[in-house]
Amino acid sequence: MDVRFTDSAGILGPPDGRSFPRFMGPSTFARLPRLDQVTAWDVAVMGVPLDIGTSYRPGARFGPIGIRQAARTLRSWHPVLEVAPFGAQQVVDAGDVACSTFVIEDAIEAIDRAAAELTTGGGRILTLGGDHTIAYPLLREVYRRHGPVALVHFDAHVDTYDTYMGAPYTHGTPFRRASEEGLFIPGHSMHVGIRGSKYGPEDLSEDAGFGFSVLGTWEIETIGISGYIERIAERVGDRPVYLSIDIDVLDPAFAPATGTPEAGGFTSRELLGILRGLRDVHLVGADIVEVAPIYDHAEITSIAAANVAYELLSMMAPVG
């Protein structure tokens with residue numbers, strides 16, 4: 001029997017793992033209710049199983065499945081932030097976007113359309129990718145509701161290239177396209193976790209022209225987690241914030257299952273700590289991308305991504 005908790009406000013949440021084992025039950029994110037099982041919701045977890053924008057290792061189309069499976073380990077109370085992300089708000093699993101796996105332009109339009117339809121009632125979306133191409137249509141939808149946002153992009157790579165092999169829509173180009181459409185606020189957006197080799201010095205100089213600042217991973221040795229929190233919070237201020245998190249911001253020791261791994265990344269603890277410190281930003285949407293479970297070992301990348309999702313949902317939950 002699928003036993004889920006309902007609190008005094010009528011919020012439907014996941015089953016209690018002490019009485020309904022976590023390896024049983026629905027395959028939704030954290031065993032949450034489906035969209036069609038509630039009358040109203042605050043945050044929807046949406047999957048986008050797309051990876052035709054990848055330039056190296058494919059497989060991120062299975063990211064939503066992998067993250068949902070790993071999310072079975074999540075519980076209902078966040079002891080550090082002192083919030084119940086599944087009890088203070090109605091969170092639902094909205095399933096996957098049925099997007100083309102052959103024509104990327106069609107997929108982009110399908111993602112944009114699905115996100116727009118989902119948020120008609122005003123709720124927020126946490127998206128599970130899929131490759132980083134999906135951030136572009138998701139930003140288009142957020143722009144329509146909030147105007148340009150402060151974009152905080154956690155990644156090993158800047159993803160502001162113009163084309164790959166002549167293709168304008170890839171996982172390495174979403175923020176160039178977003179800049180061209182004015183979807184984020186120059187001067188209040190930033191990349192966090194950038195590292196690794198580049199094609200040339202122009203990679204970073206061109207990127208700066210789009211209004212990003214860059215905070216790499218090596219600074220963790222000098223400014224620590226608190227320094228990252230302070231710099232990000234100062235950059236975004238009280239503006240609406242969109243977080244786009246490529247799982248390759250983590251070191252391959254903590255996230256081997258990704259399309260373009262780079263040595264020298266954050267530990268899982270460092271990334272979770274930075275996100276917890278951003279609890280007070282005005283978060284209007286987020287995505288987690290580039291999880292490719294086929295390259296995983298004991299589900300460690302999917303587990304990391306599921307816990308990143310948990311932090312983001314906790315950030316979205318109202319206080320008190």
# chains A, B, ... in the order shown; residues from 1 in each chain; ligands from 1
>>> residues_around(residues="stretch 172-187 of chain A", least_positions_apart="2", cutoff="8 Å", atoms="only C-alpha atoms", output="ChimeraX atom specification")
/A:54-55,132-136,139-140,143,147-151,157-164,168-170,189,210-213,235
>>> write_last_selection(atoms="N, CA and C atoms", output="short mmCIF file (atom, residue, chain, number, x, y, z; two decimals), in the first residue's frame")
data_model
loop_
_atom_site.label_atom_id
_atom_site.label_comp_id
_atom_site.auth_asym_id
_atom_site.auth_seq_id
_atom_site.Cartn_x
_atom_site.Cartn_y
_atom_site.Cartn_z
N THR A 54 24.94 17.12 -26.77
CA THR A 54 26.24 16.81 -26.17
C THR A 54 27.36 16.80 -27.21
N SER A 55 28.55 17.16 -26.77
CA SER A 55 29.70 17.20 -27.67
C SER A 55 30.72 16.10 -27.39
N HIS A 132 22.96 20.37 -21.10
CA HIS A 132 22.81 21.76 -20.72
C HIS A 132 22.11 22.62 -21.76
N THR A 133 21.84 22.08 -22.92
CA THR A 133 21.06 22.80 -23.92
C THR A 133 19.73 23.25 -23.33
N ILE A 134 19.17 22.46 -22.43
CA ILE A 134 17.82 22.73 -21.92
C ILE A 134 17.74 24.03 -21.14
N ALA A 135 18.86 24.54 -20.64
CA ALA A 135 18.82 25.78 -19.86
C ALA A 135 18.32 26.95 -20.70
N TYR A 136 18.59 26.93 -22.00
CA TYR A 136 18.17 28.03 -22.87
C TYR A 136 16.64 28.17 -22.92
N LEU A 139 15.24 29.29 -19.51
CA LEU A 139 15.44 30.71 -19.23
C LEU A 139 14.44 31.58 -19.99
N ARG A 140 14.08 31.15 -21.18
CA ARG A 140 13.08 31.90 -21.95
C ARG A 140 11.75 31.92 -21.19
N TYR A 143 12.06 34.18 -18.11
CA TYR A 143 12.06 35.58 -18.53
C TYR A 143 10.64 36.10 -18.75
N GLY A 147 11.00 38.63 -16.17
CA GLY A 147 11.97 39.50 -16.82
C GLY A 147 13.35 38.91 -16.70
N PRO A 148 14.40 39.66 -17.06
CA PRO A 148 15.75 39.12 -16.98
C PRO A 148 16.12 38.78 -15.53
N VAL A 149 16.83 37.68 -15.36
CA VAL A 149 17.18 37.18 -14.03
C VAL A 149 18.68 37.27 -13.80
N ALA A 150 19.05 37.22 -12.54
CA ALA A 150 20.45 37.03 -12.18
C ALA A 150 20.74 35.54 -12.34
N LEU A 151 21.58 35.21 -13.28
CA LEU A 151 21.88 33.81 -13.60
C LEU A 151 23.14 33.38 -12.86
N HIS A 157 32.53 24.52 -17.19
CA HIS A 157 32.68 25.18 -18.49
C HIS A 157 31.74 26.38 -18.58
N VAL A 158 32.13 27.39 -19.35
CA VAL A 158 31.33 28.61 -19.41
C VAL A 158 30.06 28.46 -20.25
N ASP A 159 30.07 27.59 -21.23
CA ASP A 159 28.88 27.33 -22.07
C ASP A 159 28.37 28.58 -22.78
N THR A 160 29.31 29.45 -23.19
CA THR A 160 28.94 30.64 -23.95
C THR A 160 29.60 30.64 -25.33
N TYR A 161 29.90 29.46 -25.85
CA TYR A 161 30.46 29.37 -27.19
C TYR A 161 29.39 29.72 -28.23
N ASP A 162 29.81 30.09 -29.40
CA ASP A 162 28.87 30.47 -30.44
C ASP A 162 28.28 29.24 -31.12
N THR A 163 29.14 28.34 -31.57
CA THR A 163 28.68 27.11 -32.22
C THR A 163 29.62 25.96 -31.89
N TYR A 164 29.13 24.76 -32.10
CA TYR A 164 29.97 23.56 -32.14
C TYR A 164 29.74 22.91 -33.49
N PRO A 168 24.32 25.99 -33.69
CA PRO A 168 24.14 27.05 -32.69
C PRO A 168 23.49 26.58 -31.39
N TYR A 169 22.84 25.40 -31.41
CA TYR A 169 22.16 24.92 -30.21
C TYR A 169 22.83 23.63 -29.74
N THR A 170 23.64 23.74 -28.70
CA THR A 170 24.35 22.61 -28.12
C THR A 170 24.46 22.85 -26.62
N SER A 189 25.26 38.40 -13.05
CA SER A 189 25.26 36.96 -13.31
C SER A 189 26.69 36.45 -13.22
N PHE A 210 29.69 39.14 -22.05
CA PHE A 210 28.26 38.86 -21.85
C PHE A 210 27.79 39.28 -20.46
N GLY A 211 28.72 39.78 -19.65
CA GLY A 211 28.33 40.29 -18.33
C GLY A 211 28.49 39.31 -17.19
N PHE A 212 29.22 38.23 -17.41
CA PHE A 212 29.48 37.26 -16.34
C PHE A 212 30.74 37.62 -15.57
N SER A 213 30.75 37.32 -14.29
CA SER A 213 31.99 37.22 -13.54
C SER A 213 32.26 35.73 -13.35
N ARG A 235 26.72 39.49 -5.69
CA ARG A 235 26.54 39.64 -7.13
C ARG A 235 25.06 39.71 -7.51
#
>>> residues_around(residues="A:Leu32", least_positions_apart="6", cutoff="6 Å", atoms="only C-alpha atoms", output="list in words")
Gly13, Pro14 and Val92 of chain A
>>> write_last_selection(atoms="N, CA, C and O atoms", output="short mmCIF file (atom, residue, chain, number, x, y, z; two decimals), in the first residue's frame")
data_model
loop_
_atom_site.label_atom_id
_atom_site.label_comp_id
_atom_site.auth_asym_id
_atom_site.auth_seq_id
_atom_site.Cartn_x
_atom_site.Cartn_y
_atom_site.Cartn_z
N GLY A 13 2.76 14.52 0.75
CA GLY A 13 4.20 14.32 0.64
C GLY A 13 4.56 12.87 0.42
O GLY A 13 3.69 12.02 0.22
N PRO A 14 5.86 12.56 0.47
CA PRO A 14 6.31 11.18 0.23
C PRO A 14 6.01 10.27 1.40
O PRO A 14 5.76 10.73 2.52
N VAL A 92 5.48 18.43 -6.46
CA VAL A 92 4.95 17.34 -7.27
C VAL A 92 5.97 16.94 -8.33
O VAL A 92 6.88 17.71 -8.65
#
>>> select_by_dssp(residues="stretch 198-229 of chain A", states="strand (DSSP E or B)", output="list in words")
Phe212, Ser213, Val214, Leu215 and Gly216 of chain A
>>> atom_distance(atom1="atom CA of A:Tyr310", atom2="atom CA of A:Ile104")
29.2 Å
>>> closest_atom_pairs(of="stretch 176-258 of chain A", to="stretch 289-302 of chain A", cutoff="9 Å", atoms="only C-alpha atoms", output="Markdown table")
| residue | atom | partner | partner_atom | distance |
| --- | --- | --- | --- | --- |
| A:Ser244 | CA | A:Val289 | CA | 7.8 |
| A:Ile245 | CA | A:Val289 | CA | 6.3 |
| A:Asp246 | CA | A:Val289 | CA | 4.9 |
| A:Ile247 | CA | A:Glu290 | CA | 6.0 |
| A:Asp248 | CA | A:Glu290 | CA | 7.3 |
| A:Pro252 | CA | A:Thr301 | CA | 8.9 |
| A:Phe254 | CA | A:Thr301 | CA | 6.5 |
| A:Ala255 | CA | A:Thr301 | CA | 4.4 |
| A:Pro256 | CA | A:Asp296 | CA | 6.0 |
| A:Ala257 | CA | A:Tyr295 | CA | 4.4 |
| A:Thr258 | CA | A:Ala292 | CA | 5.0 |
>>> atom_distance(atom1="atom CA of A:Asp96", atom2="atom CA of A:Arg124")
15.6 Å
>>> closest_residue(among="A:Leu128, A:Ala88, A:Ile220, A:Met46", to="A:Gly264", atoms="only C-alpha atoms")
A:Ile220
>>> closest_residue(among="A:Leu118, A:Val281, A:Met315, A:Leu74", to="A:Pro15", atoms="only C-alpha atoms")
A:Leu74
>>> residues_around(residues="A:Gly129", least_positions_apart="4", cutoff="8 Å", atoms="only C-alpha atoms", output="count of residues only")
14
>>> select_by_dssp(residues="stretch 206-242 of chain A", states="helix (DSSP H, G or I)", output="PyMOL selection string")
chain A and resi 206-208+220-236
>>> write_last_selection(atoms="N, CA, C and O atoms", output="compact mmCIF listing (two decimals), in the first residue's frame")
# COMPACT_ATOMS: atom_id res chain seq x y z
N GLU A 206 35.73 36.66 -24.26
CA GLU A 206 34.41 36.77 -24.89
C GLU A 206 33.30 36.60 -23.85
O GLU A 206 32.30 37.32 -23.86
N ASP A 207 33.50 35.65 -22.96
CA ASP A 207 32.50 35.38 -21.94
C ASP A 207 32.28 36.61 -21.06
O ASP A 207 31.14 36.94 -20.72
N ALA A 208 33.36 37.30 -20.70
CA ALA A 208 33.23 38.51 -19.87
C ALA A 208 32.37 39.56 -20.56
O ALA A 208 31.67 40.34 -19.90
N ILE A 220 38.48 27.95 -3.51
CA ILE A 220 37.98 27.31 -2.31
C ILE A 220 39.08 27.16 -1.27
O ILE A 220 38.83 27.15 -0.06
N GLU A 221 40.33 27.07 -1.74
CA GLU A 221 41.46 26.90 -0.82
C GLU A 221 41.74 28.17 -0.02
O GLU A 221 42.35 28.12 1.05
N THR A 222 41.32 29.31 -0.54
CA THR A 222 41.65 30.58 0.11
C THR A 222 40.44 31.26 0.75
O THR A 222 40.53 31.79 1.86
N ILE A 223 39.28 31.25 0.07
CA ILE A 223 38.13 31.97 0.62
C ILE A 223 37.11 31.04 1.27
O ILE A 223 36.23 31.50 1.99
N GLY A 224 37.22 29.74 1.02
CA GLY A 224 36.33 28.79 1.64
C GLY A 224 34.88 28.91 1.18
O GLY A 224 34.54 29.75 0.35
N ILE A 225 34.03 28.06 1.74
CA ILE A 225 32.62 28.05 1.37
C ILE A 225 31.97 29.39 1.66
O ILE A 225 31.20 29.92 0.86
N SER A 226 32.30 29.98 2.81
CA SER A 226 31.69 31.25 3.19
C SER A 226 32.04 32.35 2.20
O SER A 226 31.21 33.24 1.92
N GLY A 227 33.24 32.31 1.64
CA GLY A 227 33.63 33.30 0.65
C GLY A 227 32.83 33.19 -0.63
O GLY A 227 32.46 34.22 -1.23
N TYR A 228 32.54 31.97 -1.05
CA TYR A 228 31.70 31.77 -2.24
C TYR A 228 30.29 32.31 -1.99
O TYR A 228 29.71 33.00 -2.84
N ILE A 229 29.74 31.98 -0.84
CA ILE A 229 28.39 32.44 -0.52
C ILE A 229 28.34 33.96 -0.55
O ILE A 229 27.43 34.55 -1.14
N GLU A 230 29.32 34.60 0.06
CA GLU A 230 29.34 36.06 0.13
C GLU A 230 29.43 36.68 -1.26
O GLU A 230 28.69 37.63 -1.58
N ARG A 231 30.29 36.15 -2.10
CA ARG A 231 30.48 36.74 -3.43
C ARG A 231 29.25 36.53 -4.32
O ARG A 231 28.86 37.42 -5.08
N ILE A 232 28.66 35.35 -4.24
CA ILE A 232 27.46 35.10 -5.06
C ILE A 232 26.32 35.98 -4.59
O ILE A 232 25.63 36.62 -5.40
N ALA A 233 26.08 36.04 -3.28
CA ALA A 233 24.99 36.83 -2.75
C ALA A 233 25.16 38.31 -3.09
O ALA A 233 24.18 38.99 -3.42
N GLU A 234 26.39 38.79 -3.03
CA GLU A 234 26.64 40.19 -3.37
C GLU A 234 26.37 40.44 -4.85
O GLU A 234 25.84 41.49 -5.23
N ARG A 235 26.72 39.49 -5.69
CA ARG A 235 26.54 39.64 -7.13
C ARG A 235 25.06 39.71 -7.51
O ARG A 235 24.65 40.52 -8.35
N VAL A 236 24.23 38.86 -6.92
CA VAL A 236 22.82 38.78 -7.33
C VAL A 236 21.93 39.75 -6.57
O VAL A 236 20.88 40.17 -7.07
>>> closest_residue(among="A:Ala156, A:His171, A:Val284, A:Ala71", to="A:Pro26", atoms="only C-alpha atoms")
A:Ala71
>>> residues_around(residues="A:Val214", least_positions_apart="4", cutoff="8 Å", atoms="only C-alpha atoms", output="PyMOL selection string")
chain A and resi 190-192+194
>>> closest_residue(among="A:Asp16, A:Glu270, A:Asp112, A:Glu262", to="A:Val97", atoms="only C-alpha atoms")
A:Asp112
>>> atom_distance(atom1="atom CA of A:Ala167", atom2="atom CA of A:Asp51")
14.4 Å
>>> closest_residue(among="A:Leu283, A:Ala304, A:Ile65, A:Ile52", to="A:Ser27", atoms="only C-alpha atoms")
A:Ile65
>>> closest_residue(among="A:Ser100, A:Gly285, A:Val152, A:Ala110", to="A:Gly122", atoms="only C-alpha atoms")
A:Gly285
>>> residues_around(residues="A:Arg75", least_positions_apart="5", cutoff="12 Å", atoms="only C-alpha atoms", output="ChimeraX atom specification")
/A:13-18,21-22,29-32,70,83-87,306-307,310-311,314
>>> write_last_selection(atoms="C-alpha atoms", output="PDB file, in the first residue's frame")
ATOM      1  CA  GLY A  13       4.200  14.321   0.635  1.00  0.00           C
ATOM      2  CA  PRO A  14       6.312  11.181   0.228  1.00  0.00           C
ATOM      3  CA  PRO A  15       5.831   8.015   2.275  1.00  0.00           C
ATOM      4  CA  ASP A  16       7.719   7.671   5.539  1.00  0.00           C
ATOM      5  CA  GLY A  17      10.644   5.323   4.919  1.00  0.00           C
ATOM      6  CA  ARG A  18      10.347   3.921   8.437  1.00  0.00           C
ATOM      7  CA  PRO A  21      10.607   1.034   2.670  1.00  0.00           C
ATOM      8  CA  ARG A  22      12.293   3.391   0.253  1.00  0.00           C
ATOM      9  CA  PHE A  29      11.229  12.088  -7.473  1.00  0.00           C
ATOM     10  CA  ALA A  30      11.507  11.284  -3.727  1.00  0.00           C
ATOM     11  CA  ARG A  31       8.292   9.237  -4.185  1.00  0.00           C
ATOM     12  CA  LEU A  32       6.353  12.487  -4.305  1.00  0.00           C
ATOM     13  CA  ALA A  70      18.572   8.158  -6.173  1.00  0.00           C
ATOM     14  CA  VAL A  83      12.767  23.351   6.953  1.00  0.00           C
ATOM     15  CA  ALA A  84      10.538  20.585   5.612  1.00  0.00           C
ATOM     16  CA  PRO A  85      10.856  20.997   1.831  1.00  0.00           C
ATOM     17  CA  PHE A  86       8.011  18.530   1.185  1.00  0.00           C
ATOM     18  CA  GLY A  87       5.814  19.772   4.045  1.00  0.00           C
ATOM     19  CA  ALA A 306      19.380  14.165  -5.948  1.00  0.00           C
ATOM     20  CA  ASN A 307      20.846  15.850  -2.891  1.00  0.00           C
ATOM     21  CA  TYR A 310      16.923  18.554  -2.198  1.00  0.00           C
ATOM     22  CA  GLU A 311      18.923  21.678  -1.337  1.00  0.00           C
ATOM     23  CA  SER A 314      14.701  23.496   0.598  1.00  0.00           C
TER      24      SER A 314
END
>>> decode(residues="stretch 197-209 of chain A", atoms="all heavy atoms", output="compact mmCIF listing (two decimals), in the first residue's frame")
# COMPACT_ATOMS: atom_id res chain seq x y z
N SER A 197 41.16 23.14 -19.10
CA SER A 197 41.77 23.75 -20.28
C SER A 197 40.72 24.45 -21.12
O SER A 197 39.53 24.17 -21.02
CB SER A 197 42.49 22.67 -21.10
OG SER A 197 41.58 21.63 -21.45
N LYS A 198 41.20 25.38 -21.95
CA LYS A 198 40.31 26.15 -22.82
C LYS A 198 40.83 26.06 -24.25
O LYS A 198 41.96 25.68 -24.51
CB LYS A 198 40.26 27.61 -22.37
CG LYS A 198 39.81 27.82 -20.93
CD LYS A 198 38.33 27.51 -20.77
CE LYS A 198 37.85 27.71 -19.33
NZ LYS A 198 38.25 26.62 -18.43
N TYR A 199 39.97 26.47 -25.20
CA TYR A 199 40.39 26.47 -26.60
C TYR A 199 41.35 27.62 -26.88
O TYR A 199 42.16 27.56 -27.80
CB TYR A 199 39.16 26.57 -27.52
CG TYR A 199 38.29 25.33 -27.47
CD1 TYR A 199 37.04 25.36 -26.87
CD2 TYR A 199 38.74 24.13 -28.02
CE1 TYR A 199 36.25 24.23 -26.82
CE2 TYR A 199 37.95 23.00 -27.97
CZ TYR A 199 36.70 23.05 -27.37
OH TYR A 199 35.92 21.91 -27.32
N GLY A 200 41.26 28.68 -26.10
CA GLY A 200 42.13 29.84 -26.27
C GLY A 200 41.76 30.91 -25.28
O GLY A 200 40.73 30.81 -24.59
N PRO A 201 42.57 31.97 -25.16
CA PRO A 201 42.27 33.04 -24.20
C PRO A 201 40.96 33.75 -24.48
O PRO A 201 40.36 34.34 -23.58
CB PRO A 201 43.47 33.99 -24.34
CG PRO A 201 44.04 33.69 -25.69
CD PRO A 201 43.82 32.24 -25.92
N GLU A 202 40.52 33.69 -25.71
CA GLU A 202 39.26 34.35 -26.06
C GLU A 202 38.04 33.71 -25.39
O GLU A 202 36.98 34.34 -25.27
CB GLU A 202 39.06 34.36 -27.59
CG GLU A 202 38.78 33.01 -28.23
CD GLU A 202 40.04 32.16 -28.46
OE1 GLU A 202 41.15 32.65 -28.13
OE2 GLU A 202 39.91 31.04 -28.98
N ASP A 203 38.17 32.46 -24.95
CA ASP A 203 37.05 31.80 -24.29
C ASP A 203 36.54 32.64 -23.11
O ASP A 203 35.33 32.86 -22.96
CB ASP A 203 37.45 30.41 -23.79
CG ASP A 203 37.64 29.42 -24.92
OD1 ASP A 203 37.52 29.82 -26.09
OD2 ASP A 203 37.92 28.24 -24.63
N LEU A 204 37.49 33.11 -22.30
CA LEU A 204 37.10 33.88 -21.11
C LEU A 204 36.89 35.35 -21.41
O LEU A 204 36.03 35.99 -20.81
CB LEU A 204 38.15 33.69 -20.01
CG LEU A 204 38.28 32.27 -19.46
CD1 LEU A 204 39.37 32.19 -18.41
CD2 LEU A 204 36.95 31.80 -18.88
N SER A 205 37.64 35.89 -22.35
CA SER A 205 37.46 37.32 -22.67
C SER A 205 36.11 37.55 -23.35
O SER A 205 35.42 38.53 -23.06
CB SER A 205 38.62 37.82 -23.55
OG SER A 205 38.67 37.11 -24.78
N GLU A 206 35.73 36.66 -24.26
CA GLU A 206 34.41 36.77 -24.89
C GLU A 206 33.30 36.60 -23.85
O GLU A 206 32.30 37.32 -23.86
CB GLU A 206 34.24 35.73 -25.99
CG GLU A 206 34.98 36.04 -27.28
CD GLU A 206 34.62 35.06 -28.38
OE1 GLU A 206 33.70 34.23 -28.18
OE2 GLU A 206 35.25 35.11 -29.45
N ASP A 207 33.50 35.65 -22.96
CA ASP A 207 32.50 35.38 -21.94
C ASP A 207 32.28 36.61 -21.06
O ASP A 207 31.14 36.94 -20.72
CB ASP A 207 32.95 34.20 -21.08
CG ASP A 207 31.95 33.86 -20.01
OD1 ASP A 207 30.94 33.21 -20.33
OD2 ASP A 207 32.17 34.26 -18.84
N ALA A 208 33.36 37.30 -20.70
CA ALA A 208 33.23 38.51 -19.87
C ALA A 208 32.37 39.56 -20.56
O ALA A 208 31.67 40.34 -19.90
CB ALA A 208 34.60 39.07 -19.55
N GLY A 209 32.40 39.58 -21.88
CA GLY A 209 31.60 40.54 -22.63
C GLY A 209 30.10 40.31 -22.51
O GLY A 209 29.31 41.21 -22.82
